[in-house]
file work00.txt (compact mmCIF, C-alpha atoms and all ligand atoms)
# COMPACT_ATOMS: atom_id res chain seq x y z
CA MET A 7 -38.17 7.01 -44.90
CA THR A 8 -35.67 4.21 -44.33
CA SER A 9 -32.15 4.87 -43.04
CA ARG A 10 -29.08 4.16 -45.17
CA ALA A 11 -28.09 1.41 -42.72
CA GLU A 12 -31.52 -0.19 -43.09
CA ASP A 13 -31.19 -0.03 -46.88
CA LEU A 14 -27.80 -1.72 -46.59
CA VAL A 15 -29.23 -4.55 -44.45
CA ARG A 16 -32.06 -5.03 -46.97
CA GLY A 17 -29.51 -5.10 -49.80
CA HIS A 18 -27.55 -7.87 -48.01
CA ILE A 19 -30.71 -9.94 -47.58
CA HIS A 20 -31.84 -9.43 -51.19
CA LYS A 21 -28.41 -10.53 -52.38
CA ASN A 22 -27.59 -13.37 -49.96
CA GLY A 23 -30.89 -14.51 -48.47
CA PRO A 24 -31.43 -14.47 -44.67
CA ILE A 25 -28.40 -13.13 -42.76
CA SER A 26 -27.31 -14.20 -39.29
CA PHE A 27 -28.10 -11.85 -36.42
CA GLU A 28 -24.33 -11.37 -36.08
CA THR A 29 -24.08 -10.08 -39.67
CA PHE A 30 -27.10 -7.86 -39.09
CA MET A 31 -25.42 -6.36 -36.00
CA GLU A 32 -22.12 -5.92 -37.83
CA VAL A 33 -23.84 -3.89 -40.58
CA ALA A 34 -26.09 -1.96 -38.18
CA LEU A 35 -23.16 -0.92 -35.96
CA TYR A 36 -19.96 -0.94 -37.99
CA SER A 37 -20.68 -0.46 -41.70
CA ASP A 38 -19.89 2.94 -43.23
CA VAL A 39 -23.43 4.01 -42.43
CA GLY A 40 -23.65 2.12 -39.12
CA TYR A 41 -24.35 3.41 -35.63
CA TYR A 42 -20.73 3.97 -34.64
CA ARG A 43 -20.23 6.37 -37.56
CA ASN A 44 -22.61 8.84 -35.90
CA LYS A 45 -21.27 11.84 -34.04
CA ASP A 46 -22.16 12.52 -30.40
CA ILE A 47 -23.25 9.04 -29.35
CA PHE A 48 -21.86 9.44 -25.82
CA GLY A 49 -22.92 11.90 -23.15
CA LEU A 50 -25.76 14.36 -22.74
CA ARG A 51 -26.45 14.82 -26.45
CA GLY A 52 -25.91 11.12 -27.18
CA ASP A 53 -27.47 7.81 -26.27
CA TYR A 54 -25.79 6.83 -23.01
CA TYR A 55 -23.07 7.56 -20.47
CA THR A 56 -20.25 5.19 -19.66
CA SER A 57 -18.11 5.37 -16.50
CA PRO A 58 -15.33 7.46 -18.11
CA HIS A 59 -17.92 10.08 -19.09
CA LEU A 60 -19.08 10.58 -15.55
CA HIS A 61 -15.99 12.15 -14.03
CA PRO A 62 -12.22 12.04 -14.73
CA ILE A 63 -11.77 10.32 -11.38
CA PHE A 64 -12.51 7.04 -13.19
CA GLY A 65 -9.42 7.57 -15.37
CA ALA A 66 -7.41 8.51 -12.26
CA MET A 67 -8.35 5.18 -10.63
CA PHE A 68 -7.18 3.38 -13.78
CA ALA A 69 -3.91 5.31 -13.60
CA LEU A 70 -3.39 4.07 -10.03
CA GLN A 71 -3.98 0.47 -11.11
CA ILE A 72 -1.60 0.85 -14.05
CA GLU A 73 1.07 2.32 -11.77
CA ARG A 74 0.80 -0.65 -9.41
CA MET A 75 0.90 -3.18 -12.27
CA TRP A 76 3.97 -1.46 -13.70
CA GLU A 77 5.70 -1.57 -10.29
CA ILE A 78 4.83 -5.25 -9.80
CA MET A 79 6.38 -6.03 -13.20
CA GLY A 80 9.63 -4.37 -12.04
CA SER A 81 8.99 -0.89 -13.55
CA PRO A 82 9.92 -1.79 -17.17
CA ALA A 83 11.46 1.05 -19.18
CA ASN A 84 8.92 0.53 -21.97
CA LEU A 85 5.31 -0.14 -21.19
CA TYR A 86 2.54 -0.20 -23.75
CA VAL A 87 -0.86 0.67 -22.33
CA ILE A 88 -3.29 -0.34 -25.05
CA GLU A 89 -6.90 0.66 -24.72
CA GLN A 90 -9.18 -1.13 -27.14
CA GLY A 91 -12.58 0.34 -28.02
CA GLY A 92 -11.62 3.77 -26.71
CA GLY A 93 -14.82 5.40 -28.06
CA ASP A 94 -14.33 9.17 -28.13
CA GLY A 95 -10.97 8.94 -26.31
CA THR A 96 -12.24 10.32 -22.99
CA LEU A 97 -10.69 7.58 -20.85
CA ALA A 98 -7.41 7.69 -22.78
CA VAL A 99 -7.01 11.41 -22.11
CA ASP A 100 -7.92 11.05 -18.43
CA ILE A 101 -5.59 8.10 -17.81
CA SER A 102 -2.72 9.70 -19.65
CA THR A 103 -3.18 13.03 -17.82
CA ALA A 104 -3.49 11.28 -14.46
CA VAL A 105 -0.32 9.22 -15.04
CA SER A 106 1.60 12.39 -16.00
CA SER A 107 0.92 13.94 -12.60
CA LEU A 108 1.04 10.70 -10.60
CA ASN A 109 4.38 9.24 -11.63
CA VAL A 110 6.91 10.94 -13.93
CA SER A 111 9.03 7.79 -14.47
CA LEU A 112 5.98 5.78 -15.44
CA TYR A 113 4.88 8.56 -17.79
CA GLU A 114 8.32 8.49 -19.46
CA SER A 115 8.05 4.71 -19.93
CA LEU A 116 4.51 4.82 -21.22
CA LYS A 117 3.33 4.40 -24.77
CA TYR A 118 -0.43 4.87 -24.71
CA VAL A 119 -2.19 3.44 -27.73
CA CYS A 120 -5.94 3.85 -28.12
CA VAL A 121 -7.53 1.61 -30.73
CA ASP A 122 -11.08 1.80 -32.00
CA ARG A 123 -12.99 0.65 -35.06
CA GLN A 124 -14.11 4.25 -35.48
CA LYS A 125 -11.82 7.21 -36.02
CA ILE A 126 -11.09 9.08 -32.82
CA GLU A 127 -10.58 12.81 -33.26
CA ILE A 128 -9.10 14.73 -30.39
CA GLU A 129 -7.65 18.23 -30.73
CA ASP A 130 -4.65 17.71 -28.50
CA SER A 131 -3.31 14.14 -28.64
CA PHE A 132 -1.85 14.20 -25.06
CA ARG A 133 0.94 11.91 -26.35
CA ILE A 134 -1.63 9.24 -27.12
CA GLN A 135 -1.35 7.28 -30.35
CA PHE A 136 -4.78 6.74 -31.87
CA ALA A 137 -5.41 3.89 -34.32
CA GLU A 138 -8.55 3.12 -36.31
CA SER A 139 -8.69 -0.66 -36.41
CA GLU A 140 -10.60 -3.75 -35.37
CA HIS A 141 -7.39 -5.42 -34.23
CA ILE A 142 -4.25 -4.38 -32.42
CA SER A 143 -1.22 -4.51 -34.70
CA ILE A 144 1.47 -4.28 -31.99
CA GLU A 145 3.32 -7.57 -31.37
CA ASP A 146 5.07 -9.27 -28.50
CA GLN A 147 5.26 -6.43 -25.98
CA THR A 148 5.16 -5.94 -22.25
CA CYS A 149 1.79 -4.28 -21.94
CA ILE A 150 -1.39 -3.57 -20.09
CA ILE A 151 -4.44 -4.02 -22.31
CA LEU A 152 -7.59 -2.39 -21.06
CA SER A 153 -11.16 -1.92 -22.19
CA ASN A 154 -14.36 -0.47 -20.87
CA GLU A 155 -17.59 -1.67 -22.47
CA LEU A 156 -15.79 -3.07 -25.51
CA VAL A 157 -16.89 -6.71 -25.43
CA ASP A 158 -20.60 -5.84 -25.12
CA SER A 159 -20.34 -4.07 -28.48
CA PHE A 160 -19.06 -7.08 -30.46
CA PRO A 161 -21.64 -8.42 -32.93
CA VAL A 162 -23.24 -11.55 -31.47
CA ARG A 163 -24.97 -14.62 -32.79
CA MET A 164 -28.44 -15.21 -31.35
CA ILE A 165 -29.89 -18.55 -30.31
CA GLU A 166 -33.34 -19.75 -29.38
CA ILE A 167 -34.34 -23.08 -27.85
CA ILE A 168 -37.60 -24.74 -28.88
CA ASP A 169 -38.59 -28.25 -27.76
CA LYS A 170 -35.01 -29.11 -26.74
CA GLU A 171 -33.63 -28.09 -30.13
CA ILE A 172 -31.19 -25.19 -30.48
CA PHE A 173 -31.78 -22.76 -33.35
CA GLU A 174 -29.86 -19.78 -34.61
CA VAL A 175 -31.73 -16.56 -35.40
CA PHE A 176 -31.46 -15.23 -38.95
CA VAL A 177 -32.88 -11.96 -40.24
CA ASP A 178 -35.09 -12.01 -43.34
CA LEU A 179 -37.77 -9.92 -45.09
CA ASP A 180 -41.42 -10.93 -45.53
CA ASP A 181 -43.51 -10.40 -48.70
CA LYS A 182 -44.32 -6.83 -47.64
CA GLY A 183 -40.63 -6.08 -47.07
CA ASP A 184 -40.87 -6.00 -43.26
CA PHE A 185 -38.10 -7.54 -41.16
CA ILE A 186 -38.84 -11.02 -39.84
CA GLU A 187 -36.70 -13.60 -38.06
CA SER A 188 -36.21 -17.13 -39.28
CA LEU A 189 -34.76 -19.91 -37.15
CA MET A 190 -32.26 -22.42 -38.49
CA PRO A 191 -31.01 -25.53 -36.67
CA LEU A 192 -27.63 -24.88 -35.10
CA ASN A 193 -24.50 -26.96 -35.37
CA VAL A 194 -23.79 -27.07 -31.64
CA SER A 195 -20.22 -28.35 -32.01
CA GLU A 196 -19.29 -24.96 -33.51
CA LEU A 197 -20.19 -23.35 -30.23
CA ALA A 198 -18.53 -25.85 -27.93
CA GLY A 199 -17.13 -24.03 -24.94
CA PHE A 200 -19.79 -21.32 -25.05
CA LEU A 201 -22.96 -23.26 -24.30
CA PRO A 202 -23.52 -25.06 -20.99
CA ARG A 203 -24.04 -28.80 -21.35
CA ASP A 204 -27.75 -28.91 -20.44
CA ILE A 205 -28.77 -25.84 -22.44
CA GLN A 206 -31.40 -27.69 -24.49
CA ASN A 207 -33.49 -28.06 -21.32
CA LEU A 208 -34.06 -24.29 -21.22
CA ASP A 209 -37.19 -24.41 -23.31
CA GLY A 210 -38.02 -20.97 -24.74
CA TYR A 211 -34.60 -19.49 -23.93
CA ARG A 212 -33.27 -16.77 -26.25
CA GLY A 213 -29.89 -15.11 -25.87
CA PRO A 214 -26.69 -13.96 -27.54
CA ILE A 215 -23.41 -15.81 -28.06
CA ASN A 216 -20.32 -13.71 -28.50
CA THR A 217 -18.05 -15.90 -30.63
CA LYS A 218 -15.99 -12.85 -31.69
CA THR A 219 -14.26 -13.12 -28.32
CA ARG A 220 -12.24 -16.06 -29.74
CA GLU A 221 -10.51 -13.99 -32.41
CA TRP A 222 -10.21 -11.14 -29.93
CA TYR A 223 -8.14 -13.21 -27.48
CA SER A 224 -6.18 -14.76 -30.30
CA ASN A 225 -5.15 -11.25 -31.47
CA LEU A 226 -4.30 -10.22 -27.88
CA SER A 227 -2.10 -13.25 -27.37
CA ASN A 228 0.08 -12.01 -30.27
CA VAL A 229 0.15 -8.50 -28.86
CA MET A 230 1.15 -9.39 -25.32
CA LYS A 231 4.42 -11.06 -24.44
CA LYS A 232 3.93 -10.34 -20.78
CA GLY A 233 1.51 -8.22 -18.84
CA PHE A 234 -1.96 -7.58 -17.54
CA MET A 235 -5.37 -7.21 -19.06
CA ILE A 236 -8.27 -5.31 -17.47
CA THR A 237 -11.73 -5.88 -18.95
CA ILE A 238 -14.68 -3.94 -17.58
CA ASP A 239 -18.18 -4.66 -18.77
CA TYR A 240 -21.65 -5.71 -17.70
CA GLY A 241 -22.62 -9.34 -17.69
CA PHE A 242 -22.85 -12.50 -15.66
CA GLU A 243 -21.36 -15.90 -15.08
CA LYS A 244 -22.67 -18.81 -17.16
CA ASP A 245 -25.21 -20.11 -14.60
CA LEU A 246 -27.13 -16.88 -14.63
CA TYR A 247 -26.40 -15.98 -18.25
CA TYR A 248 -27.98 -19.15 -19.55
CA SER A 249 -31.12 -19.06 -17.40
CA MET A 250 -34.78 -18.27 -17.95
CA GLN A 251 -34.29 -15.31 -15.62
CA LYS A 252 -32.07 -13.67 -18.26
CA SER A 253 -33.73 -15.15 -21.33
CA HIS A 254 -34.71 -12.43 -23.88
CA ARG A 255 -33.01 -9.79 -21.69
CA LEU A 256 -29.36 -9.96 -22.68
CA LEU A 257 -29.49 -7.95 -25.89
CA GLN A 258 -30.23 -4.27 -25.39
CA THR A 259 -30.89 -1.27 -27.58
CA TYR A 260 -30.09 2.34 -26.64
CA TYR A 261 -31.41 5.46 -28.28
CA ARG A 262 -31.21 8.87 -26.61
CA HIS A 263 -30.97 7.43 -23.09
CA THR A 264 -33.95 5.13 -23.63
CA GLU A 265 -33.52 1.41 -23.84
CA GLY A 266 -35.70 -1.34 -25.07
CA SER A 267 -36.96 -0.99 -28.63
CA SER A 268 -36.74 -3.72 -31.29
CA PRO A 269 -33.29 -4.17 -32.89
CA TYR A 270 -35.00 -3.78 -36.27
CA GLN A 271 -36.08 -0.22 -35.54
CA ARG A 272 -33.88 2.85 -36.05
CA ILE A 273 -31.20 0.72 -37.70
CA GLY A 274 -27.97 2.72 -37.72
CA SER A 275 -29.20 5.28 -35.20
CA GLN A 276 -29.63 3.12 -32.12
CA ASP A 277 -26.97 1.17 -30.28
CA LEU A 278 -27.15 -2.61 -29.92
CA THR A 279 -25.25 -4.26 -27.08
CA ALA A 280 -25.12 -7.70 -25.50
CA HIS A 281 -24.33 -8.61 -21.90
CA VAL A 282 -21.06 -10.47 -21.49
CA ASP A 283 -20.67 -14.13 -20.47
CA PHE A 284 -17.64 -13.68 -18.18
CA ASP A 285 -17.03 -17.42 -17.73
CA SER A 286 -16.36 -17.71 -21.45
CA LEU A 287 -13.88 -14.81 -21.25
CA ARG A 288 -12.05 -16.65 -18.49
CA GLU A 289 -12.00 -19.92 -20.43
CA ILE A 290 -11.01 -18.51 -23.82
CA GLY A 291 -8.50 -16.27 -22.08
CA LEU A 292 -6.92 -19.24 -20.34
CA SER A 293 -6.62 -21.20 -23.57
CA ASN A 294 -4.70 -18.22 -24.99
CA GLY A 295 -2.33 -17.96 -22.03
CA PHE A 296 -4.21 -15.35 -19.98
CA GLU A 297 -4.66 -16.48 -16.39
CA GLU A 298 -7.37 -15.06 -14.20
CA ILE A 299 -5.98 -12.89 -11.42
CA GLU A 300 -9.01 -11.03 -10.09
CA TYR A 301 -12.71 -10.98 -10.81
CA LEU A 302 -14.66 -8.41 -8.88
CA SER A 303 -17.39 -5.80 -9.23
CA GLN A 304 -16.56 -2.29 -10.36
CA SER A 305 -17.63 -1.09 -6.93
CA GLU A 306 -15.17 -3.44 -5.18
CA TRP A 307 -12.43 -2.54 -7.62
CA LEU A 308 -12.89 1.19 -7.00
CA ASP A 309 -12.87 0.52 -3.25
CA SER A 310 -9.53 -1.23 -3.65
CA MET A 311 -8.21 1.90 -5.45
CA GLY A 312 -9.12 3.95 -2.36
CA LEU A 313 -12.15 5.76 -3.77
CA ALA A 314 -13.78 5.86 -0.32
CA ASN A 315 -11.03 8.19 0.99
CA ILE A 316 -11.49 10.55 -1.90
CA LEU A 317 -15.23 10.67 -1.39
CA GLN A 318 -14.74 11.30 2.33
CA GLN A 319 -12.45 14.24 1.51
CA LEU A 320 -15.09 15.59 -0.86
CA ARG A 321 -17.69 15.24 1.88
CA VAL A 322 -15.82 17.01 4.65
CA GLY A 323 -12.64 18.58 3.25
CA PRO A 324 -12.09 22.25 2.33
CA ASP A 325 -13.38 21.65 -1.23
CA LYS A 326 -16.45 19.79 -0.07
CA ASN A 327 -19.01 19.20 -2.76
CA ARG A 328 -21.98 17.00 -2.02
CA ALA A 329 -23.36 17.06 -5.56
CA MET A 330 -20.05 15.74 -6.86
CA VAL A 331 -19.96 13.04 -4.14
CA ASN A 332 -23.39 11.89 -5.30
CA LEU A 333 -22.34 11.88 -8.92
CA ILE A 334 -19.08 9.98 -8.34
CA SER A 335 -20.88 7.50 -6.06
CA THR A 336 -22.93 6.34 -9.05
CA LEU A 337 -19.74 4.63 -10.25
CA GLN A 338 -20.32 2.29 -7.29
CA ASP A 339 -24.09 1.91 -7.48
CA PRO A 340 -24.61 -1.87 -7.22
CA SER A 341 -27.70 -1.75 -9.45
CA GLY A 342 -25.86 0.21 -12.15
CA LEU A 343 -22.22 0.91 -12.96
CA GLY A 344 -20.98 -0.45 -9.63
CA GLY A 345 -22.39 -3.88 -10.55
CA PHE A 346 -20.25 -4.05 -13.70
CA LYS A 347 -17.54 -6.71 -13.58
CA VAL A 348 -13.81 -6.12 -13.61
CA LEU A 349 -11.84 -9.08 -14.92
CA ILE A 350 -8.08 -8.86 -14.47
CA GLN A 351 -6.01 -11.45 -16.33
CA GLY A 352 -2.27 -11.82 -16.68
CA LYS A 353 0.17 -13.47 -19.05
CA ASN A 354 3.71 -14.71 -18.41
CA LEU A 355 3.98 -12.80 -15.16
CA GLY A 356 6.17 -15.43 -13.48
CA ASN A 357 6.71 -15.32 -9.79
CA ILE A 358 5.43 -11.88 -8.88
CA ASP A 359 3.69 -10.57 -5.80
CA LEU A 360 0.05 -10.49 -6.89
CA GLU A 361 -1.06 -9.74 -3.32
CA ARG A 362 0.11 -6.20 -3.98
CA LEU A 363 -2.04 -5.83 -7.08
CA ASN A 364 -4.77 -3.88 -5.39
CA SER A 365 -3.89 -3.44 -1.77
CA ASP A 366 -2.88 -0.15 -0.07
CA ILE A 367 -3.47 1.99 -3.10
CA SER A 368 -4.61 5.59 -2.86
CA TRP A 369 -4.57 8.78 -4.86
CA PRO A 370 -2.25 11.31 -3.16
CA LEU A 371 -4.64 13.82 -1.62
CA ASP A 372 -2.44 16.80 -2.54
CA LEU A 373 -2.57 15.85 -6.23
CA ARG A 374 -5.17 17.30 -8.61
CA PHE A 375 -7.34 15.01 -10.65
CA PRO A 376 -7.41 15.47 -14.43
CA ASN A 377 -9.63 18.43 -15.37
CA VAL A 378 -13.35 17.99 -15.76
CA ARG A 379 -14.04 18.62 -19.46
CA GLU A 380 -17.16 19.17 -21.50
CA VAL A 381 -17.36 15.43 -22.29
CA HIS A 382 -17.85 14.62 -18.60
CA MET A 383 -21.20 14.63 -16.95
CA ALA A 384 -19.54 16.38 -14.03
CA TYR A 385 -19.12 19.41 -16.33
CA SER A 386 -22.86 20.08 -16.42
CA ARG A 387 -23.20 19.18 -12.74
CA GLU A 388 -20.63 21.83 -11.91
CA ARG A 389 -22.92 24.24 -13.70
CA GLY A 390 -25.94 23.05 -11.75
CA SER A 391 -28.01 21.43 -14.50
CA ALA A 392 -29.75 18.18 -13.71
CA TYR A 393 -31.22 15.63 -16.05
CA SER A 394 -32.04 11.96 -16.08
CA LEU A 395 -29.51 9.64 -17.60
CA ASN A 396 -28.76 6.16 -18.70
CA PHE A 397 -25.35 4.86 -17.81
CA PHE A 398 -24.79 1.96 -20.16
C1 LIG B 401 -19.84 0.94 -25.99
S1 LIG B 401 -18.53 1.78 -26.77
C2 LIG B 401 -17.47 2.10 -25.38
C3 LIG B 401 -16.55 3.25 -25.59
C4 LIG B 401 -15.62 3.60 -24.42
N1 LIG B 401 -14.76 2.52 -24.05
C5 LIG B 401 -16.40 4.06 -23.21
O1 LIG B 401 -16.38 3.39 -22.18
O2 LIG B 401 -17.02 5.12 -23.29
C6 LIG B 401 -17.68 0.48 -27.63
C7 LIG B 401 -16.56 0.95 -28.52
O3 LIG B 401 -15.82 -0.18 -28.93
C8 LIG B 401 -15.47 -0.02 -30.30
N2 LIG B 401 -15.15 -1.36 -30.84
C9 LIG B 401 -15.96 -2.40 -31.04
N3 LIG B 401 -15.29 -3.47 -31.49
C10 LIG B 401 -13.99 -3.10 -31.57
C11 LIG B 401 -12.80 -3.76 -31.95
N4 LIG B 401 -12.79 -5.04 -32.34
N5 LIG B 401 -11.65 -3.06 -31.90
C12 LIG B 401 -11.63 -1.77 -31.51
N6 LIG B 401 -12.74 -1.10 -31.14
C13 LIG B 401 -13.91 -1.74 -31.15
C14 LIG B 401 -16.67 0.68 -30.89
O4 LIG B 401 -16.33 1.32 -32.12
C15 LIG B 401 -17.03 1.67 -29.78
O5 LIG B 401 -16.35 2.88 -29.91

call {"tool": "encode", "arguments": {"input": "work00.txt", "output": "structure tokens"}}
result
Amino acid sequence: MTSRAEDLVRGHIHKNGPISFETFMEVALYSDVGYYRNKDIFGLRGDYYTSPHLHPIFGAMFALQIERMWEIMGSPANLYVIEQGGGDGTLAVDISTAVSSLNVSLYESLKYVCVDRQKIEIEDSFRIQFAESEHISIEDQTCIILSNELVDSFPVRMIEIIDKEIFEVFVDLDDKGDFIESLMPLNVSELAGFLPRDIQNLDGYRGPINTKTREWYSNLSNVMKKGFMITIDYGFEKDLYYSMQKSHRLLQTYYRHTEGSSPYQRIGSQDLTAHVDFDSLREIGLSNGFEEIEYLSQSEWLDSMGLANILQQLRVGPDKNRAMVNLISTLQDPSGLGGFKVLIQGKNLGNIDLERLNSDISWPLDLRFPNVREVHMAYSRERGSAYSLNFF
């Protein structure tokens, strides 16, 4: 039996002819019957874990960074913290709870807005404003815009290079009604700024191009008058992104903690994600007024938030808990979540002391972290159950 999302894709092709891979991904993920309409896609019962689902400490580290950014900007009386692609709202709740215990004045100044293309339902709103939207409708504010694994979920175009010619991948149906791909010559000038100059020499290369990032930054430039932006995701710089080493490996599928099946299987029930080309985020960001401030790995970023001290306390302090140390350390695993990139950009910040951005920061050791809840992997760990997991 075919899924409703698969039927919808077929309907599009019957009506319009071959559709671009980007349109296919849009329907498979974000239509009314798409993947992101499913319940329980995160966590143990879902398809994958993300950093916020591991332990609320991740949200606490974000709260520390937000506090420092707010201080550097002169502690404005109104600060929007806008999280885009908030998923099930786990990070929003943890950040908001952590800020409330970390700094009362900041908490009073804070308007936390969590935006996602899917509806986020949380019993207690924790003073968070949730919005179901593809864009942020706030304008011209002092704000901190943050996202975790948002950009990898944008629908992407797909290219392939054959005999020095660049083609775009389209999705079609054969005579038997099975999905097939067709390649159409690409108008390269449309993608200027994304593709490296000598790309046609990468014979056999296949990979995604995330042109949605253009409209994303254009929206953000209307939202932010002044402030910071923190983007966490997995990906590479251009040199590695556009290389035979990464060819065919930048688009991934996730279903129940297993990756790697064809994108044309389980349409609507498996996730599709694409690694991020961070150089293009820097460049498009810059052309929209967002200057790069920091670019580091998630592991380095968490180090600069003082995570090592916390782990040391958990190793030797009165509440020592080795299982929890091991779990939290996965946030810094260089071959997994720790290898994710953290891109910090800023707009109209003027002459401020950026040296202070992530130096001498630590969570006060007498302060509790936000509670571990059922959405966190730490919840089952506390109860002693072990299972294998996929973090992306
Ligand atoms: C991979 S999930 C990550 C969720 C969450 N940030 C986390 O780390 O667990 C990507 C989320 O981004 C949302 N999303 C994708 N494009 C979006 C857009 N343009 N605006 C808002 N949300 C978007 C999806 O609906 C999905 O919930």

call {"tool": "axis_aligned_box", "arguments": {"input": "work00.txt", "around": "ligand LIG 401 (chain B)", "padding_each_side": "8 Å", "output": "AutoDock Vina command-line options"}}
result
--center_x -15.7 --center_y 0.0 --center_z -27.3 --size_x 24.2 --size_y 26.2 --size_z 26.2

call {"tool": "residues_near_ligand", "arguments": {"input": "work00.txt", "ligand": "ligand LIG 401 (chain B)", "cutoff": "7 Å", "atoms": "only C-alpha atoms and all ligand atoms", "output": "NGL selection string"}}
result
:A and (42 or 48 or 56-59 or 90-94 or 121-124 or 139-141 or 153-156 or 158-160)

call {"tool": "atom_distance", "arguments": {"input": "work00.txt", "atom1": "CA of Tyr270 in chain A", "atom2": "CA of Leu287 in chain A"}}
result
28.2 Å

call {"tool": "closest_residue", "arguments": {"input": "work00.txt", "among": "A:Ser227, A:Asn22, A:Asn44, A:Ser368", "to": "Ser293 in chain A", "atoms": "all atoms listed in the file"}}
result
A:Ser227

call {"tool": "closest_residue", "arguments": {"input": "work00.txt", "among": "A:Glu196, A:Asp372, A:Asp277, A:Asp339", "to": "Ile316 in chain A", "atoms": "only C-alpha atoms"}}
result
A:Asp372

call {"tool": "closest_residue", "arguments": {"input": "work00.txt", "among": "A:Lys45, A:His281, A:Arg163, A:Arg203", "to": "Gly241 in chain A", "atoms": "only C-alpha atoms"}}
result
A:His281

call {"tool": "atom_distance", "arguments": {"input": "work00.txt", "atom1": "CA of Ser268 in chain A", "atom2": "CA of Phe185 in chain A"}}
result
10.7 Å

call {"tool": "atom_distance", "arguments": {"input": "work00.txt", "atom1": "CA of Leu333 in chain A", "atom2": "CA of Ala314 in chain A"}}
result
13.5 Å

call {"tool": "residues_around", "arguments": {"input": "work00.txt", "residues": "Ala69 in chain A", "least_positions_apart": "4", "cutoff": "7 Å", "atoms": "all atoms listed in the file", "output": "ChimeraX atom specification"}}
result
/A:65,73,101,104-105

call {"tool": "write_last_selection", "arguments": {"input": "work00.txt", "atoms": "C-alpha atoms", "output": "CSV table (one decimal), in the coordinates of the input"}}
result
chain,number,residue,atom,x,y,z
A,65,GLY,CA,-9.4,7.6,-15.4
A,73,GLU,CA,1.1,2.3,-11.8
A,101,ILE,CA,-5.6,8.1,-17.8
A,104,ALA,CA,-3.5,11.3,-14.5
A,105,VAL,CA,-0.3,9.2,-15.0

call {"tool": "closest_atom_pairs", "arguments": {"input": "work00.txt", "of": "range 276-325 of chain A", "to": "range 243-255 of chain A", "cutoff": "10 Å", "atoms": "only C-alpha atoms", "output": "Markdown table"}}
result
| residue | atom | partner | partner_atom | distance |
| --- | --- | --- | --- | --- |
| A:Ala280 | CA | A:Arg255 | CA | 9.0 |
| A:His281 | CA | A:Tyr247 | CA | 8.5 |
| A:Val282 | CA | A:Tyr247 | CA | 8.3 |
| A:Asp283 | CA | A:Glu243 | CA | 5.7 |
| A:Phe284 | CA | A:Glu243 | CA | 5.3 |
| A:Asp285 | CA | A:Glu243 | CA | 5.3 |
| A:Ser286 | CA | A:Lys244 | CA | 7.7 |
| A:Leu287 | CA | A:Glu243 | CA | 9.8 |
| A:Arg288 | CA | A:Glu243 | CA | 9.9 |

call {"tool": "closest_residue", "arguments": {"input": "work00.txt", "among": "A:Ser310, A:Thr336, A:Asn327, A:Ser107", "to": "Arg362 in chain A", "atoms": "only C-alpha atoms"}}
result
A:Ser310

call {"tool": "closest_residue", "arguments": {"input": "work00.txt", "among": "A:Thr219, A:Ser102, A:Asn294, A:Asn109", "to": "Phe132 in chain A", "atoms": "only C-alpha atoms"}}
result
A:Ser102

call {"tool": "residues_near_point", "arguments": {"input": "work00.txt", "point": "(-35.6, -31.9, -27.1)", "cutoff": "8 Å", "atoms": "all atoms listed in the file", "output": "ChimeraX atom specification"}}
result
/A:168-171,206-207

call {"tool": "residues_around", "arguments": {"input": "work00.txt", "residues": "Ser365 in chain A", "least_positions_apart": "5", "cutoff": "10 Å", "atoms": "all atoms listed in the file", "output": "list in words"}}
result
Arg74, Asp309, Ser310, Met311, Gly312 and Leu360 of chain A

call {"tool": "write_last_selection", "arguments": {"input": "work00.txt", "atoms": "C-alpha atoms", "output": "tab-separated table (two decimals), keeping the file's coordinate frame"}}
result
chain	number	residue	atom	x	y	z
A	74	ARG	CA	0.80	-0.65	-9.41
A	309	ASP	CA	-12.87	0.52	-3.25
A	310	SER	CA	-9.53	-1.23	-3.65
A	311	MET	CA	-8.21	1.90	-5.45
A	312	GLY	CA	-9.12	3.95	-2.36
A	360	LEU	CA	0.05	-10.49	-6.89

call {"tool": "closest_residue", "arguments": {"input": "work00.txt", "among": "A:Asp366, A:Glu129, A:Asp180, A:Glu297", "to": "Met235 in chain A", "atoms": "only C-alpha atoms"}}
result
A:Glu297

call {"tool": "residues_around", "arguments": {"input": "work00.txt", "residues": "Arg43 in chain A", "least_positions_apart": "4", "cutoff": "9 Å", "atoms": "all atoms listed in the file", "output": "VMD selection string"}}
result
chain A and resid 35 to 39 124 to 125 274

call {"tool": "build_atoms", "arguments": {"input": "work00.txt", "residues": "range 42-46 of chain A", "atoms": "N, CA and C atoms", "output": "tab-separated table (two decimals), in the coordinates of the input"}}
result
chain	number	residue	atom	x	y	z
A	42	TYR	N	-21.96	3.38	-35.18
A	42	TYR	CA	-20.73	3.97	-34.64
A	42	TYR	C	-20.10	5.02	-35.55
A	43	ARG	N	-20.70	5.26	-36.72
A	43	ARG	CA	-20.23	6.37	-37.56
A	43	ARG	C	-20.89	7.68	-37.16
A	44	ASN	N	-21.92	7.60	-36.30
A	44	ASN	CA	-22.61	8.84	-35.90
A	44	ASN	C	-21.74	9.67	-34.97
A	45	LYS	N	-21.97	10.96	-34.98
A	45	LYS	CA	-21.27	11.84	-34.04
A	45	LYS	C	-22.10	11.89	-32.75
A	46	ASP	N	-21.44	12.27	-31.66
A	46	ASP	CA	-22.16	12.52	-30.40
A	46	ASP	C	-23.02	11.35	-29.94
